[in-house]
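final.cif (mmCIF, C-alpha atoms)
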```
data_coords
loop_
_atom_site.group_PDB
_atom_site.id
_atom_site.type_symbol
_atom_site.label_atom_id
_atom_site.label_comp_id
_atom_site.auth_asym_id
_atom_site.auth_seq_id
_atom_site.Cartn_x
_atom_site.Cartn_y
_atom_site.Cartn_z
ATOM 1 C CA MET A 6 5.119 -17.120 -5.931
ATOM 2 C CA GLY A 7 1.560 -15.908 -6.023
ATOM 3 C CA THR A 8 -1.330 -16.767 -3.729
ATOM 4 C CA GLU A 9 0.620 -19.193 -1.543
ATOM 5 C CA VAL A 10 2.229 -16.134 0.068
ATOM 6 C CA HIS A 11 0.627 -13.540 2.355
ATOM 7 C CA ILE A 12 1.495 -10.125 3.724
ATOM 8 C CA GLU A 13 1.609 -8.760 7.256
ATOM 9 C CA ILE A 14 1.832 -5.014 7.887
ATOM 10 C CA ASP A 15 2.865 -3.955 11.391
ATOM 11 C CA LEU A 16 1.815 -0.356 12.094
ATOM 12 C CA ARG A 17 4.006 -0.096 15.214
ATOM 13 C CA ALA A 18 7.166 -1.426 13.551
ATOM 14 C CA GLN A 19 6.382 0.262 10.181
ATOM 15 C CA THR A 20 7.194 -2.940 8.305
ATOM 16 C CA LEU A 21 5.591 -5.035 5.605
ATOM 17 C CA THR A 22 6.558 -8.703 5.707
ATOM 18 C CA LEU A 23 6.013 -11.173 2.879
ATOM 19 C CA LEU A 24 5.461 -14.651 4.333
ATOM 20 C CA ASP A 25 5.140 -18.155 2.900
ATOM 21 C CA GLN A 26 2.374 -20.666 3.763
ATOM 22 C CA GLN A 27 4.221 -21.727 6.922
ATOM 23 C CA ASP A 28 4.596 -18.081 8.066
ATOM 24 C CA HIS A 29 8.316 -18.055 7.287
ATOM 25 C CA GLU A 30 9.624 -14.638 6.295
ATOM 26 C CA ILE A 31 10.497 -14.321 2.610
ATOM 27 C CA LYS A 32 11.299 -10.619 2.746
ATOM 28 C CA GLN A 33 10.674 -7.633 5.006
ATOM 29 C CA TYR A 34 10.356 -4.046 3.805
ATOM 30 C CA ASP A 35 10.275 -0.727 5.670
ATOM 31 C CA VAL A 36 7.050 1.172 5.000
ATOM 32 C CA SER A 37 5.347 4.404 6.001
ATOM 33 C CA THR A 38 1.727 4.162 7.124
ATOM 34 C CA ALA A 39 -0.667 6.872 8.325
ATOM 35 C CA THR A 40 0.623 9.730 10.453
ATOM 36 C CA LYS A 41 -2.657 9.463 12.393
ATOM 37 C CA GLY A 42 -2.204 5.738 13.129
ATOM 38 C CA GLY A 43 -4.674 2.927 12.623
ATOM 39 C CA GLY A 44 -8.361 3.557 11.968
ATOM 40 C CA GLU A 45 -11.064 2.471 9.597
ATOM 41 C CA PHE A 46 -13.394 5.424 9.016
ATOM 42 C CA GLU A 47 -13.665 7.303 5.749
ATOM 43 C CA GLY A 48 -12.032 10.719 6.081
ATOM 44 C CA SER A 49 -9.942 9.666 9.098
ATOM 45 C CA ASN A 50 -6.623 9.713 7.193
ATOM 46 C CA GLN A 51 -5.744 6.533 9.130
ATOM 47 C CA THR A 52 -4.530 3.145 7.920
ATOM 48 C CA PRO A 53 -7.294 0.518 8.176
ATOM 49 C CA ARG A 54 -6.559 -2.538 10.300
ATOM 50 C CA GLY A 55 -7.656 -6.118 9.940
ATOM 51 C CA LYS A 56 -7.856 -8.683 7.169
ATOM 52 C CA HIS A 57 -7.592 -7.461 3.580
ATOM 53 C CA ARG A 58 -6.660 -8.860 0.201
ATOM 54 C CA ILE A 59 -5.090 -7.419 -2.917
ATOM 55 C CA ARG A 60 -8.042 -6.544 -5.150
ATOM 56 C CA ALA A 61 -6.069 -5.104 -8.077
ATOM 57 C CA LYS A 62 -2.481 -4.709 -9.255
ATOM 58 C CA ILE A 63 -1.954 -1.535 -11.275
ATOM 59 C CA GLY A 64 1.084 -0.363 -13.233
ATOM 60 C CA ALA A 65 2.744 -3.657 -14.218
ATOM 61 C CA ASP A 66 4.744 -2.340 -17.155
ATOM 62 C CA SER A 67 5.141 1.255 -16.050
ATOM 63 C CA PRO A 68 8.635 2.690 -15.624
ATOM 64 C CA PRO A 69 9.809 3.227 -12.032
ATOM 65 C CA GLY A 70 8.592 6.603 -10.765
ATOM 66 C CA THR A 71 5.473 6.682 -12.954
ATOM 67 C CA VAL A 72 2.982 9.154 -11.459
ATOM 68 C CA PHE A 73 -0.577 7.878 -10.920
ATOM 69 C CA LYS A 74 -3.745 9.931 -10.392
ATOM 70 C CA GLU A 75 -6.973 8.052 -9.726
ATOM 71 C CA ARG A 76 -5.122 4.799 -10.533
ATOM 72 C CA ARG A 77 -4.159 5.962 -14.027
ATOM 73 C CA PRO A 78 -0.664 6.920 -15.205
ATOM 74 C CA THR A 79 -0.458 10.656 -15.899
ATOM 75 C CA GLY A 80 2.358 10.254 -18.423
ATOM 76 C CA GLU A 81 4.778 11.882 -15.969
ATOM 77 C CA VAL A 82 7.703 10.290 -14.165
ATOM 78 C CA TYR A 83 8.557 11.613 -10.702
ATOM 79 C CA SER A 84 11.434 14.096 -10.637
ATOM 80 C CA VAL A 85 12.821 16.806 -8.371
ATOM 81 C CA GLU A 86 11.262 19.447 -10.649
ATOM 82 C CA LEU A 87 7.853 17.772 -10.479
ATOM 83 C CA ALA A 88 8.138 17.499 -6.679
ATOM 84 C CA GLU A 89 9.008 21.199 -6.410
ATOM 85 C CA SER A 90 5.944 22.102 -8.480
ATOM 86 C CA ALA A 91 3.641 20.355 -5.948
ATOM 87 C CA PRO A 92 5.421 20.284 -2.566
ATOM 88 C CA ARG A 93 2.390 19.050 -0.610
ATOM 89 C CA GLU A 94 1.531 16.176 -2.965
ATOM 90 C CA ASP A 95 1.342 12.671 -1.464
ATOM 91 C CA TRP A 96 2.743 11.010 -4.585
ATOM 92 C CA ILE A 97 1.440 7.641 -5.781
ATOM 93 C CA LEU A 98 4.289 6.228 -7.834
ATOM 94 C CA SER A 99 5.503 3.145 -9.735
ATOM 95 C CA ARG A 100 2.901 0.533 -8.699
ATOM 96 C CA ILE A 101 -0.444 0.321 -6.916
ATOM 97 C CA LEU A 102 -1.691 -2.656 -4.910
ATOM 98 C CA TRP A 103 -5.333 -1.799 -4.151
ATOM 99 C CA LEU A 104 -6.623 -3.221 -0.869
ATOM 100 C CA CYS A 105 -10.084 -4.638 -0.274
ATOM 101 C CA GLY A 106 -11.298 -5.195 3.291
ATOM 102 C CA GLU A 107 -12.465 -8.685 4.232
ATOM 103 C CA GLU A 108 -14.282 -7.893 7.503
ATOM 104 C CA ILE A 109 -17.820 -6.514 7.158
ATOM 105 C CA GLY A 110 -18.381 -3.821 9.792
ATOM 106 C CA ARG A 111 -14.647 -3.293 10.293
ATOM 107 C CA ASN A 112 -13.031 -2.540 6.909
ATOM 108 C CA ARG A 113 -15.658 -3.525 4.371
ATOM 109 C CA LEU A 114 -18.904 -1.770 3.398
ATOM 110 C CA GLY A 115 -20.346 1.478 4.707
ATOM 111 C CA ALA A 116 -18.145 4.284 6.040
ATOM 112 C CA MET A 117 -15.304 1.846 6.792
ATOM 113 C CA ASP A 118 -14.730 0.353 3.338
ATOM 114 C CA SER A 119 -10.972 0.198 2.608
ATOM 115 C CA MET A 120 -11.486 -0.189 -1.113
ATOM 116 C CA ARG A 121 -13.870 2.760 -1.370
ATOM 117 C CA ARG A 122 -11.361 4.754 0.719
ATOM 118 C CA ASN A 123 -8.779 3.989 -2.005
ATOM 119 C CA ILE A 124 -6.311 2.407 0.410
ATOM 120 C CA TYR A 125 -3.238 1.234 -1.505
ATOM 121 C CA ILE A 126 0.215 -0.120 -1.037
ATOM 122 C CA HIS A 127 2.145 2.154 -3.400
ATOM 123 C CA GLY A 128 5.473 3.698 -4.271
ATOM 124 C CA ALA A 129 6.338 7.079 -2.787
ATOM 125 C CA ALA A 130 8.577 10.069 -3.426
ATOM 126 C CA ASP A 131 12.292 9.623 -2.740
ATOM 127 C CA THR A 132 11.918 12.169 0.067
ATOM 128 C CA ALA A 133 9.279 10.074 1.897
ATOM 129 C CA VAL A 134 10.898 8.570 4.974
ATOM 130 C CA MET A 135 10.314 4.844 5.393
ATOM 131 C CA GLY A 136 10.157 3.250 8.836
ATOM 132 C CA LYS A 137 8.014 5.992 10.361
ATOM 133 C CA PRO A 138 4.391 7.109 9.870
ATOM 134 C CA GLY A 139 3.869 9.780 7.210
ATOM 135 C CA SER A 140 0.984 8.919 4.873
ATOM 136 C CA THR A 141 -2.673 9.941 4.818
ATOM 137 C CA GLY A 142 -3.861 6.328 5.099
ATOM 138 C CA CYS A 143 -2.061 4.289 2.465
ATOM 139 C CA ILE A 144 0.973 2.088 2.949
ATOM 140 C CA ARG A 145 3.913 3.794 1.256
ATOM 141 C CA MET A 146 7.010 1.931 0.082
ATOM 142 C CA SER A 147 10.168 2.932 -1.735
ATOM 143 C CA ASN A 148 9.712 2.554 -5.486
ATOM 144 C CA SER A 149 12.208 -0.307 -5.804
ATOM 145 C CA ASP A 150 10.532 -2.146 -2.902
ATOM 146 C CA VAL A 151 6.965 -1.770 -4.213
ATOM 147 C CA ILE A 152 8.076 -3.020 -7.645
ATOM 148 C CA ASP A 153 9.803 -5.999 -6.014
ATOM 149 C CA LEU A 154 6.705 -6.825 -3.922
ATOM 150 C CA PHE A 155 4.366 -6.303 -6.904
ATOM 151 C CA ASP A 156 6.327 -8.880 -8.912
ATOM 152 C CA ARG A 157 6.154 -11.453 -6.081
ATOM 153 C CA ILE A 158 2.394 -11.471 -5.421
ATOM 154 C CA ASP A 159 -0.907 -12.029 -7.224
ATOM 155 C CA VAL A 160 -4.359 -10.473 -7.042
ATOM 156 C CA GLY A 161 -6.083 -12.177 -4.121
ATOM 157 C CA THR A 162 -3.003 -12.223 -1.857
ATOM 158 C CA LYS A 163 -4.127 -11.952 1.792
ATOM 159 C CA VAL A 164 -2.943 -8.907 3.765
ATOM 160 C CA LEU A 165 -3.185 -8.512 7.551
ATOM 161 C CA ILE A 166 -2.706 -5.025 8.987
ATOM 162 C CA HIS A 167 -2.191 -4.819 12.755
ATOM 163 C CA GLU A 168 -0.711 -2.656 15.511
#
```

Could you render the structure as C-alpha cells?
Amino acid sequence: MGTEVHIEIDLRAQTLTLLDQQDHEIKQYDVSTATKGGGEFEGSNQTPRGKHRIRAKIGADSPPGTVFKERRPTGEVYSVELAESAPREDWILSRILWLCGEEIGRNRLGAMDSMRRNIYIHGAADTAVMGKPGSTGCIRMSNSDVIDLFDRIDVGTKVLIHE
C-alpha cells in the first residue's frame, strides 16, 4: 500500500483510520491516546494534534510483544510476570511508528516538537483498554493491530491527529 494511504486519528472517538487517496476507509482501529487529552507542549503528557508523518518504523521483524526501551528491543517479550514486576510501566510493545510534526510552531521545533517528545503509535500491554484515553501522550494500539498497520504503511505516511 505505502504512501498512497494516510492516517487519521480522532482523539474524541479514540480511533485510528487508515484511508486511501480518495479518503475511503481501508480499516479502522480502536486506540488509546493521552489521558490528559490533546496538547503539544513537552512534559504535558498530552497527544499532539495537527499534521504529522511517520518518520521511522521500528521493530519490523520483532516477535509480537517485544519490549522496547528508547526504541531498542530489550530482548524481553511482554508477559504477565513481566507486567507484575513493573505495574506502573507504560509498555511500548511489538512495533513503533515514530511521529514527526509537520507544522512549525504547533508540533515541530521548540518545546512542541512531537518527534523530540518521542510521540509514537505503538503496541501496548494486553491490559491497556482501547477505545478510551489512557496513555501519557502516545497513541496505543493492541499488538495485533499495530503490527497490521505497520505492515500496511511506509515511512513518510501522512498522519492527521484531531479532536

Please, which residues in region 90-117 of chain A fall within 12 Å of region 145-155 of chain A when counting all atoms listed in the file, and what is the closest atom pair and distance in Å to one decimal for each, ordered by chain then residue number, as CSV?
```
residue,atom,partner,partner_atom,distance
A:Asp95,CA,A:Arg145,CA,9.6
A:Trp96,CA,A:Arg145,CA,9.4
A:Ile97,CA,A:Arg145,CA,8.4
A:Leu98,CA,A:Asn148,CA,7.0
A:Ser99,CA,A:Asn148,CA,6.0
A:Arg100,CA,A:Ile152,CA,6.4
A:Ile101,CA,A:Val151,CA,8.2
A:Leu102,CA,A:Phe155,CA,7.3
A:Trp103,CA,A:Phe155,CA,11.0
```

Output of the PyMOL selection byres ((chain A and resi 43) around 6), listed as number ranges by chain: A: 42, 44, 51-53

Top pick for closest residue to Asp25 (chain A), considering A:Glu9, A:Thr38, A:Ala130, A:Val72 and counting only C-alpha atoms: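 That would be A:Glu9, the residue with the smallest distance to Asp25 (chain A).
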
The PyMOL selection byres ((chain A and resi 46) around 6) applied to the shown file, residues as number ranges by chain: A: 45, 47, 49, 116-117

Selected residue of minimal separation from Arg76 (chain A) among A:Arg54, A:His127, A:Arg93, A:Lys41, counting all atoms listed in the file: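 Closest to Arg76 (chain A) of all the choices is A:His127.
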
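Applied to the shown file, the PyMOL selection byres ((chain A and resi 106) around 9) selects the residues Pro53, Arg54, Gly55, Lys56, His57, Arg58, Leu104, Cys105, Glu107, Glu108, Ile109, Arg111, Asn112, Arg113, Leu114, Met117, Asp118, Ser119 and Met120 of chain A.
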
Gap from CA of Ala18 (chain A) to CA of Arg157 (chain A) - Å, one decimal: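 Here the two named atoms are 22.1 Å from each other.
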
Atom pair CA of Leu87 (chain A) / CA of Lys62 (chain A): separation (Å):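 Answer for the CA of Leu87 (chain A) to CA of Lys62 (chain A) separation: 24.8 Å.
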
Surrounding residues of Val85 (chain A) excluding itself and chain neighbours under 6 positions, 12 Å, all atoms listed in the file, as a count of residues only: 6
